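*Asks:* So that you have it, the file is upload19.tsv, and it contains TSV, C-alpha atoms:
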chain	number	residue	atom	x	y	z
A	1	MET	CA	-24.62	56.05	-59.40
A	2	TRP	CA	-27.64	56.38	-57.03
A	3	LYS	CA	-30.87	54.86	-58.12
A	4	GLY	CA	-34.19	53.95	-56.62
A	5	ASN	CA	-36.14	55.38	-53.69
A	6	CYS	CA	-37.72	53.50	-50.74
A	7	PRO	CA	-41.47	53.68	-50.35
A	8	GLY	CA	-41.11	55.64	-47.18
A	9	GLY	CA	-39.18	58.27	-48.98
A	10	ASP	CA	-35.80	57.28	-47.57
A	11	GLN	CA	-33.18	57.08	-50.24
A	12	GLU	CA	-31.38	53.67	-50.39
A	13	ALA	CA	-28.08	53.64	-52.20
A	14	ALA	CA	-26.65	50.80	-54.19
A	15	ILE	CA	-23.11	51.11	-55.37
A	16	GLU	CA	-22.84	49.92	-58.83
A	17	GLY	CA	-19.86	48.36	-60.46
A	18	PRO	CA	-19.09	45.31	-62.51
A	19	GLY	CA	-20.92	42.38	-60.95
A	20	GLY	CA	-22.58	44.69	-58.39
A	21	GLU	CA	-19.86	44.03	-55.76
A	22	LEU	CA	-18.83	46.34	-52.98
A	23	GLY	CA	-15.63	47.98	-54.05
A	24	GLY	CA	-16.00	47.20	-57.70
A	25	PRO	CA	-15.02	49.91	-60.16
A	26	GLY	CA	-17.72	52.43	-60.78
A	27	ASN	CA	-18.39	56.12	-61.26
A	28	TRP	CA	-18.91	57.91	-57.94
A	29	GLY	CA	-19.20	61.58	-57.18
A	30	LEU	CA	-18.88	63.77	-54.11
A	31	GLU	CA	-22.57	63.46	-53.51
A	32	ASP	CA	-22.04	59.77	-52.89
A	33	ALA	CA	-19.65	60.29	-49.93
A	34	PRO	CA	-22.27	60.24	-47.11
A	35	ASP	CA	-23.64	56.92	-48.27
A	36	LEU	CA	-20.16	55.39	-48.55
A	37	LEU	CA	-19.39	56.50	-45.01
A	38	ALA	CA	-22.63	54.90	-43.80
A	39	ARG	CA	-21.72	51.67	-45.53
A	40	ALA	CA	-18.24	51.70	-43.93
A	41	SER	CA	-19.73	52.03	-40.44
A	42	LEU	CA	-21.70	48.77	-40.74
A	43	PRO	CA	-20.43	45.83	-38.54
A	44	VAL	CA	-17.70	43.81	-40.17
A	45	MET	CA	-18.43	40.08	-40.41
A	46	LEU	CA	-15.36	38.01	-39.65
A	47	PRO	CA	-14.51	35.42	-42.29
A	48	TRP	CA	-13.71	32.85	-39.48
A	49	PRO	CA	-16.66	32.41	-37.10
A	50	LEU	CA	-16.03	32.32	-33.35
A	51	PRO	CA	-17.56	28.82	-32.90
A	52	LEU	CA	-14.99	27.48	-35.33
A	53	ALA	CA	-12.15	29.15	-33.37
A	54	SER	CA	-13.44	27.61	-30.13
A	55	SER	CA	-13.54	24.17	-31.74
A	56	ALA	CA	-9.97	24.55	-32.97
A	57	LEU	CA	-8.81	25.53	-29.46
A	58	THR	CA	-10.58	22.49	-28.02
A	59	LEU	CA	-8.90	20.23	-30.57
A	60	LEU	CA	-5.51	21.75	-29.73
A	61	LEU	CA	-5.99	21.17	-25.99
A	62	GLY	CA	-7.12	17.61	-26.68
A	63	ALA	CA	-4.04	16.97	-28.77
A	64	LEU	CA	-1.75	18.32	-26.03
A	65	THR	CA	-3.51	16.17	-23.41
A	66	SER	CA	-3.14	13.08	-25.58
A	67	LEU	CA	0.54	13.84	-26.06
A	68	PHE	CA	1.04	14.19	-22.29
A	69	LEU	CA	-0.76	10.90	-21.60
A	70	TRP	CA	1.30	9.15	-24.26
A	71	TYR	CA	4.49	10.48	-22.65
A	72	CYS	CA	3.38	9.22	-19.22
A	73	TYR	CA	2.59	5.82	-20.69
A	74	ARG	CA	5.98	5.60	-22.37
A	75	LEU	CA	7.69	6.68	-19.15
A	76	GLY	CA	5.87	4.05	-17.11
A	77	SER	CA	6.32	1.29	-19.68
A	78	GLN	CA	10.07	1.44	-19.91
A	79	ASP	CA	11.69	-1.89	-19.32
A	80	ILE	CA	12.92	-2.00	-15.74
A	81	GLN	CA	16.38	-3.43	-15.39
A	82	ALA	CA	16.77	-6.64	-13.48
A	83	LEU	CA	17.69	-6.86	-9.86
A	84	GLY	CA	20.74	-8.80	-10.91
A	85	ALA	CA	22.69	-9.28	-7.76
A	86	GLY	CA	19.62	-10.49	-5.92
A	87	SER	CA	20.63	-14.00	-6.92
A	88	GLN	CA	23.31	-13.79	-4.27
A	89	ALA	CA	20.76	-13.48	-1.47
A	90	GLY	CA	19.92	-16.63	0.43
A	91	GLY	CA	16.21	-15.80	0.43
A	92	VAL	CA	14.14	-12.77	1.24
A	93	SER	CA	14.55	-12.92	4.97
A	94	GLY	CA	17.95	-14.30	5.69
A	95	GLY	CA	21.62	-13.77	5.12
A	96	PRO	CA	23.70	-15.45	2.47
A	97	ARG	CA	24.51	-18.53	4.52
A	98	GLY	CA	23.61	-20.29	7.70
A	99	CYS	CA	20.75	-19.37	9.97
A	100	PRO	CA	19.13	-15.94	9.68
A	101	GLU	CA	17.94	-14.08	12.75
A	102	VAL	CA	14.23	-14.80	12.27
A	103	GLY	CA	13.36	-15.35	8.63
A	104	ARG	CA	12.88	-18.23	6.31
A	105	PRO	CA	14.25	-21.34	7.90
A	106	GLY	CA	16.69	-22.09	5.18
A	107	PRO	CA	17.84	-21.75	1.60
A	108	ARG	CA	15.00	-21.66	-0.86
A	109	SER	CA	14.33	-24.34	-3.37
A	110	PRO	CA	14.85	-23.20	-6.97
A	111	GLY	CA	11.11	-22.91	-7.57
A	112	GLU	CA	10.34	-20.58	-4.70
A	113	PRO	CA	9.55	-16.94	-5.49
A	114	GLY	CA	11.54	-14.03	-4.23
A	115	GLU	CA	15.02	-15.38	-4.95
A	116	GLY	CA	17.67	-14.32	-7.43
A	117	PRO	CA	17.01	-14.82	-11.14
A	118	ARG	CA	13.34	-15.69	-10.62
A	119	ALA	CA	12.77	-12.51	-8.63
A	120	GLU	CA	14.35	-10.53	-11.44
A	121	GLY	CA	11.39	-10.63	-13.83
A	122	LEU	CA	8.81	-10.93	-11.08
A	123	VAL	CA	9.73	-7.62	-9.42
A	124	SER	CA	9.75	-5.78	-12.75
A	125	ARG	CA	6.36	-7.13	-13.78
A	126	ARG	CA	4.76	-6.42	-10.43
A	127	LEU	CA	6.07	-2.87	-10.30
A	128	ARG	CA	4.71	-2.12	-13.77
A	129	ALA	CA	1.41	-3.75	-12.84
A	130	TYR	CA	1.19	-1.58	-9.74
A	131	ALA	CA	1.82	1.59	-11.78
A	132	ARG	CA	-0.85	0.64	-14.30
A	133	ARG	CA	-3.38	-0.03	-11.57
A	134	TYR	CA	-2.53	2.98	-9.42
A	135	SER	CA	0.13	5.55	-10.35
A	136	TRP	CA	3.82	6.34	-10.51
A	137	ALA	CA	3.20	9.22	-8.09
A	138	GLY	CA	5.61	9.10	-5.17
A	139	MET	CA	7.49	6.19	-6.72
A	140	GLY	CA	10.73	7.99	-7.57
A	141	ARG	CA	12.95	6.08	-5.14
A	142	VAL	CA	11.24	2.75	-5.78
A	143	ARG	CA	11.68	3.16	-9.55
A	144	ARG	CA	15.34	4.06	-9.16
A	145	ALA	CA	15.83	1.01	-6.97
A	146	ALA	CA	14.15	-1.24	-9.50
A	147	GLN	CA	16.20	0.28	-12.33
A	148	GLY	CA	19.38	-0.98	-10.72
A	149	GLY	CA	20.70	1.88	-8.59
A	150	PRO	CA	24.18	1.57	-7.10
A	151	GLY	CA	24.53	-1.20	-4.61
A	152	LEU	CA	21.26	-2.94	-5.52
A	153	GLY	CA	21.33	-6.55	-4.58
A	154	GLY	CA	23.94	-6.34	-1.86
A	155	GLY	CA	27.04	-5.36	-3.81
A	156	PRO	CA	29.79	-3.51	-1.95
A	157	GLY	CA	28.98	-0.28	-3.75
A	158	ILE	CA	26.62	1.07	-1.10
A	159	LEU	CA	28.74	1.71	1.95
A	160	GLY	CA	30.84	-1.40	2.30
A	161	ILE	CA	29.16	-2.20	5.60
A	162	GLN	CA	25.59	-1.89	4.29
A	163	ARG	CA	24.79	-4.68	1.85
A	164	PRO	CA	21.11	-5.55	1.61
A	165	GLY	CA	20.78	-8.84	-0.18
A	166	LEU	CA	17.81	-8.12	-2.43
A	167	PHE	CA	16.40	-4.58	-2.48
A	168	PHE	CA	18.13	-1.26	-1.70
A	169	LEU	CA	15.93	1.83	-1.49
A	170	PRO	CA	18.12	4.87	-2.31
A	171	ASP	CA	18.23	8.15	-0.39
A	172	LEU	CA	16.96	6.48	2.78
A	173	PRO	CA	18.64	7.77	5.97
A	174	SER	CA	20.52	4.84	7.40
A	175	ALA	CA	22.24	4.04	10.67
A	176	PRO	CA	22.97	0.68	12.29
A	177	PHE	CA	20.71	1.51	15.23
A	178	VAL	CA	17.53	3.56	14.88
A	179	PRO	CA	16.29	5.81	17.73
A	180	ARG	CA	13.39	4.41	19.72
A	181	ASP	CA	11.38	7.58	19.07
A	182	ALA	CA	11.25	6.70	15.37
A	183	GLN	CA	8.75	3.94	16.20
A	184	ARG	CA	7.62	5.07	19.63
A	185	HIS	CA	4.10	3.61	19.50
A	186	ASP	CA	5.21	0.13	18.47
A	187	VAL	CA	8.17	0.08	20.84
A	188	GLU	CA	6.04	1.05	23.81
A	189	LEU	CA	3.35	-1.47	22.86
A	190	LEU	CA	5.83	-4.33	22.65
A	191	GLU	CA	7.49	-3.37	25.92
A	192	SER	CA	4.14	-3.18	27.70
A	193	SER	CA	3.36	-6.66	26.29
A	194	PHE	CA	6.61	-8.14	27.63
A	195	PRO	CA	5.00	-10.14	30.48
A	196	ALA	CA	2.55	-11.82	28.08
A	197	ILE	CA	5.29	-12.51	25.52
A	198	LEU	CA	7.49	-14.02	28.25
A	199	ARG	CA	4.62	-16.31	29.29
A	200	ASP	CA	4.11	-17.36	25.67
A	201	PHE	CA	7.77	-18.31	25.35
A	202	GLY	CA	7.53	-20.37	28.51
A	203	ALA	CA	4.60	-22.26	27.00
A	204	VAL	CA	6.45	-23.19	23.79
A	205	SER	CA	9.99	-23.53	25.17
A	206	TRP	CA	11.88	-26.82	25.38
A	207	ASP	CA	15.36	-27.92	26.43
A	208	PHE	CA	17.01	-27.12	23.04
A	209	SER	CA	19.33	-30.03	23.62
A	210	GLY	CA	18.98	-31.47	20.14
A	211	THR	CA	18.59	-34.94	21.61
A	212	THR	CA	14.80	-34.85	21.50
A	213	PRO	CA	12.58	-34.48	18.46
A	214	LEU	CA	12.01	-30.91	17.38
A	215	PRO	CA	8.77	-29.66	18.95
A	216	ARG	CA	5.89	-28.61	16.76
A	217	GLY	CA	6.26	-25.08	15.36
A	218	TRP	CA	10.02	-24.77	15.77
A	219	SER	CA	12.15	-24.40	12.64
A	220	PRO	CA	15.03	-26.83	12.09
A	221	PRO	CA	18.41	-25.31	13.04
A	222	LEU	CA	20.44	-24.39	9.98
A	223	ALA	CA	23.40	-23.36	12.09
A	224	PRO	CA	24.42	-24.99	15.35
A	225	GLY	CA	22.55	-23.52	18.28
A	226	CYS	CA	20.17	-21.30	16.28
A	227	TYR	CA	16.42	-21.92	16.62
A	228	GLN	CA	13.33	-19.92	15.85
A	229	LEU	CA	9.58	-20.11	16.25
A	230	LEU	CA	7.78	-17.79	13.85
A	231	LEU	CA	4.33	-16.26	14.19
A	232	TYR	CA	4.76	-14.54	10.81
A	233	GLN	CA	7.10	-15.93	8.18
A	234	ALA	CA	7.85	-13.93	5.03
A	235	GLY	CA	4.58	-12.03	5.32
A	236	ARG	CA	2.45	-15.08	6.08
A	237	CYS	CA	0.69	-15.67	9.36
A	238	GLN	CA	1.42	-19.06	10.96
A	239	PRO	CA	-1.97	-19.80	12.55
A	240	SER	CA	-0.90	-22.70	14.77
A	241	ASN	CA	1.99	-20.75	16.30
A	242	CYS	CA	-0.21	-17.66	16.75
A	243	ARG	CA	-2.74	-19.74	18.67
A	244	ARG	CA	0.00	-21.06	20.93
A	245	CYS	CA	1.29	-17.51	21.61
A	246	PRO	CA	-1.87	-15.42	22.12
A	247	GLY	CA	-0.16	-12.59	24.00
A	248	ALA	CA	2.50	-12.10	21.35
A	249	TYR	CA	-0.07	-12.34	18.56
A	250	ARG	CA	-2.27	-9.75	20.26
A	251	ALA	CA	0.72	-7.38	20.45
A	252	LEU	CA	1.51	-7.88	16.76
A	253	ARG	CA	-2.08	-7.04	15.82
A	254	GLY	CA	-1.78	-3.70	17.60
A	255	LEU	CA	1.38	-2.55	15.82
A	256	ARG	CA	1.14	0.30	13.32
A	257	SER	CA	4.22	-0.37	11.18
A	258	PHE	CA	4.53	-4.16	11.22
A	259	MET	CA	5.39	-5.52	7.74
A	260	SER	CA	2.65	-8.10	7.97
A	261	ALA	CA	1.80	-8.25	4.24
A	262	ASN	CA	5.29	-8.29	2.78
A	263	THR	CA	7.81	-11.08	2.21
A	264	PHE	CA	10.35	-8.98	4.12
A	265	GLY	CA	8.15	-9.18	7.22
A	266	ASN	CA	8.74	-11.74	9.97
A	267	ALA	CA	7.97	-11.98	13.67
A	268	GLY	CA	8.80	-14.59	16.26
A	269	PHE	CA	11.20	-15.91	18.87
A	270	SER	CA	14.90	-16.20	18.09
A	271	VAL	CA	16.95	-18.49	20.33
A	272	LEU	CA	20.75	-18.59	20.44
A	273	LEU	CA	22.42	-21.26	22.56
A	274	PRO	CA	25.71	-20.75	24.41
A	275	GLY	CA	28.63	-20.99	22.01
A	276	ALA	CA	26.57	-20.13	18.92
A	277	ARG	CA	27.72	-17.29	16.68
A	278	LEU	CA	26.33	-15.69	13.52
A	279	GLU	CA	28.85	-13.42	11.84
A	280	GLY	CA	28.95	-11.21	8.76
A	281	ARG	CA	25.23	-11.35	7.97
A	282	CYS	CA	23.05	-8.83	6.15
A	283	GLY	CA	19.29	-8.63	5.77
A	284	PRO	CA	17.51	-8.43	2.40
A	285	THR	CA	16.53	-4.74	2.40
A	286	ASN	CA	17.11	-1.38	4.05
A	287	ALA	CA	13.37	-0.59	3.85
A	288	ARG	CA	12.77	-2.34	7.17
A	289	VAL	CA	13.91	-1.99	10.77
A	290	ARG	CA	14.13	-5.01	13.06
A	291	CYS	CA	12.79	-4.54	16.55
A	292	HIS	CA	14.52	-6.78	19.11
A	293	LEU	CA	12.62	-7.22	22.38
A	294	GLY	CA	14.87	-8.86	24.94
A	295	VAL	CA	13.11	-11.87	26.51
A	296	LYS	CA	15.99	-13.73	28.19
A	297	ILE	CA	19.42	-12.13	28.05
A	298	PRO	CA	22.13	-14.01	29.95
A	299	PRO	CA	25.68	-12.66	30.39
A	300	GLY	CA	28.14	-12.89	27.51
A	301	CYS	CA	25.71	-12.07	24.68
A	302	GLU	CA	27.02	-9.88	21.86
A	303	LEU	CA	25.35	-7.77	19.19
A	304	VAL	CA	27.42	-5.71	16.73
A	305	VAL	CA	25.73	-3.91	13.80
A	306	GLY	CA	27.75	-1.89	11.30
A	307	GLY	CA	30.73	-2.02	13.65
A	308	GLU	CA	28.74	-0.56	16.55
A	309	PRO	CA	28.24	-2.78	19.63
A	310	GLN	CA	25.01	-2.75	21.60
A	311	CYS	CA	23.45	-4.72	24.42
A	312	TRP	CA	20.01	-6.27	24.75
A	313	ALA	CA	18.02	-5.80	27.91
A	314	GLU	CA	15.12	-7.90	29.09
A	315	GLY	CA	11.82	-6.13	28.51
A	316	HIS	CA	13.35	-3.41	26.34
A	317	CYS	CA	13.49	-2.93	22.56
A	318	LEU	CA	16.38	-2.21	20.21
A	319	LEU	CA	15.72	-0.98	16.66
A	320	VAL	CA	18.29	-2.46	14.29
A	321	ASP	CA	18.87	-1.82	10.58
A	322	ASP	CA	19.97	-5.30	9.58
A	323	SER	CA	20.93	-4.22	6.06
A	324	PHE	CA	24.25	-3.39	7.76
A	325	LEU	CA	26.70	-6.19	8.42
A	326	TYR	CA	25.92	-7.63	11.82
A	327	THR	CA	27.21	-10.23	14.23
A	328	VAL	CA	25.34	-11.95	17.05
A	329	ALA	CA	26.99	-14.31	19.48
A	330	HIS	CA	26.37	-16.04	22.79
A	331	ASN	CA	29.72	-16.28	24.55
A	332	GLY	CA	28.30	-17.42	27.87
A	333	SER	CA	28.55	-20.80	29.55
A	334	PRO	CA	26.00	-23.63	29.15
A	335	GLU	CA	24.71	-22.89	32.64
A	336	ASP	CA	23.65	-19.42	31.51
A	337	GLY	CA	20.94	-20.81	29.26
A	338	PRO	CA	19.86	-19.54	25.82
A	339	ARG	CA	19.56	-15.97	24.66
A	340	VAL	CA	15.96	-15.32	23.63
A	341	VAL	CA	14.79	-12.30	21.64
A	342	PHE	CA	11.34	-11.57	20.19
A	343	ILE	CA	12.00	-10.04	16.77
A	344	VAL	CA	9.50	-8.03	14.71
A	345	ASP	CA	10.14	-6.48	11.29
A	346	LEU	CA	8.85	-2.91	11.08
A	347	TRP	CA	8.83	-0.45	8.21
A	348	HIS	CA	11.75	1.97	8.18
A	349	PRO	CA	10.27	5.24	9.49
A	350	ASN	CA	11.44	7.18	6.42
A	351	VAL	CA	9.64	4.95	3.89
A	352	ALA	CA	6.59	6.94	2.78
A	353	GLY	CA	3.08	5.55	2.74
A	354	ALA	CA	2.91	5.39	-1.07
A	355	GLU	CA	6.23	3.52	-1.16
A	356	ARG	CA	5.02	1.05	1.48
A	357	GLN	CA	1.90	0.35	-0.55
A	358	ALA	CA	3.94	-0.25	-3.70
A	359	LEU	CA	6.46	-2.52	-1.96
A	360	ASP	CA	3.64	-4.49	-0.33
A	361	PHE	CA	2.25	-5.02	-3.84
A	362	VAL	CA	5.60	-5.92	-5.40
A	363	PHE	CA	6.78	-8.20	-2.59
A	364	ALA	CA	3.40	-9.63	-1.62
A	365	PRO	CA	3.52	-13.28	-0.49
A	366	ASP	CA	2.50	-15.63	-3.24
A	367	PRO	CA	-1.01	-17.07	-2.80
Could I get this structure in the form of C-alpha cells?

*Replies:*
Amino acid sequence: MWKGNCPGGDQEAAIEGPGGELGGPGNWGLEDAPDLLARASLPVMLPWPLPLASSALTLLLGALTSLFLWYCYRLGSQDIQALGAGSQAGGVSGGPRGCPEVGRPGPRSPGEPGEGPRAEGLVSRRLRAYARRYSWAGMGRVRRAAQGGPGLGGGPGILGIQRPGLFFLPDLPSAPFVPRDAQRHDVELLESSFPAILRDFGAVSWDFSGTTPLPRGWSPPLAPGCYQLLLYQAGRCQPSNCRRCPGAYRALRGLRSFMSANTFGNAGFSVLLPGARLEGRCGPTNARVRCHLGVKIPPGCELVVGGEPQCWAEGHCLLVDDSFLYTVAHNGSPEDGPRVVFIVDLWHPNVAGAERQALDFVFAPDP
C-alpha cells in the first residue's frame, strides 16, 4: 500500500509487490488510483535507443553501397569477347590487300600491334584498363562493339556494303558520303589552306616514273601506280615529312577533329597514276571520316563509295566514310598526270567525346 512521507510533506507513493517491480501483484485500493495515473503519465523510455537506430541505418546504407559497387565492378570486369574477325584486316589503316588510300604502307609483320589475333587480347585489356582508370560512363556503344556486336571485324553482317576491317561502332549513323556541314570548321580550314598544301606537294613531288630511286619520305608502292607521303601514319607524327610540308602541317595542327592520337588516324598525300585502280576496299572502322582535299584532279578520275559515285574538285573537300566498299581509279591518259589528293582522317561527327577518349586510349599508338 502507501507508505512513507517526504520531508516537505508531499506524499511519495511506492507500489509494492513481489520484488518491488512496477506492475507486480499487490493489494491496491481506490485511494491509490491518483498515484497510479501519475505514474502512467511519466515519459516512456524506449528499450532501443535512438543512437543505436541511427547506427543501424548507417550500416544498412553502407551495405547497400558496397553491394552497388560490387555489382559495378563485376559488370566492368566481365571478360570482353575477342574481336575475332579483325585478323582478316590488312592492318589498321588499309584494306585487305594492295595499297590503301593513305595508311600503313603495307601488310604488317606478325609482331606489329593492331592486327588480327594480337589485337584481340590487346583491345580487351586496354578497354578494361580504361574503365578502371576512368569509368564505363558513356561507353555503351564501345562496350557492345568490343563484346562482338554483329558485323564486328568486317563480316558481311553489317550492311553488305559496309565492312570495316577491325572495329565497328554500333548505332552510328552511316552514309557513304558525309555532309560538309558535319565538319564545317575543319573543311573550311583545309580549303583555305589549299594554296599552301599545293606548294608543299610541289616541293616534295617527283616524276613517279619508277625508274628513279624512291625519294625520301615516300612510301614504297604496294600496288602499281599508288604512292603516298604521310605526315601522320597510324597516329604517329612523321617529323621529317612535316618539316618538308610546313603549310600542310600547320593546317593539321588547327583541325578540331583530326584523329592525331589514334592508330586509325593518318594524313598525307595520296597519288594515283594513270591506269591505276583500287577496287573493293574497306577501311578499318566506321568511327572515322576521311576528308579528301583535291590537289590535282585530271580528267578520267573515279571515286565510288557504297555504290555512289562522286567527283573530286581541286581545292574542295569530300567527306567519305571508307568503312563502305569503295573504288578509286584513274582512267585518264599518261599525259593527264597523276591524281593527287590530300587525305586527313577525322572523327565521325556522331562519335561522342567520351567515346573518342576511350578509343584514343584503346587504339593509342604503341610507344

*Asks:* Taking into account all atoms listed in the file, which residue in the set A:Leu318, A:Ala63, A:Val271, A:Leu127 is nearest to A:Arg180?

*Replies:* A:Leu318

*Asks:* Which residue out of A:Ser205, A:Thr263, A:Leu346, A:Asp360 has the minimum interatomic distance to A:Lys296 when all atoms listed in the file are used?

*Replies:*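 Under the stated criterion, the closest residue is A:Ser205.
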
*Asks:* Would you mind telling me which residue in A:Ile343, A:Ala146, A:Cys317, A:Pro176 lies nearest to A:Arg163 when using all atoms listed in the file?

*Replies:*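 For A:Arg163, the nearest of the candidates is A:Pro176.
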
*Asks:* Kindly give the distance, in Å, that separates atom CA of A:Gly332 and atom CA of A:Pro213, rounded to a single decimal.

*Replies:*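 Computed distance, atom CA of A:Gly332 to atom CA of A:Pro213, equals 25.0 Å.
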
*Asks:* Using all atoms listed in the file, which residue out of A:Gly306, A:Gly315, A:Gly217, A:Gly300 lies closest to A:Arg277?

*Replies:*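 Ranked by minimum distance to A:Arg277, first place goes to A:Gly300.
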
*Asks:* Can you list, as a PyMOL selection string, every protein, DNA or RNA residue that comes within 12 Å of A:Val340 when you count all atoms listed in the file, leaving out same-chain residues fewer than 4 positions away?

*Replies:* chain A and resi 101-102+197-198+201-202+205+208+225-229+268-274+292-298+301+312-315+328-330+336

*Asks:* Do a neighbour search on A:Arg126 at 9 Å with all atoms listed in the file, toss out local chain neighbours closer than 6 positions, and write the hits as a PyMOL selection string.

*Replies:* chain A and resi 361-363
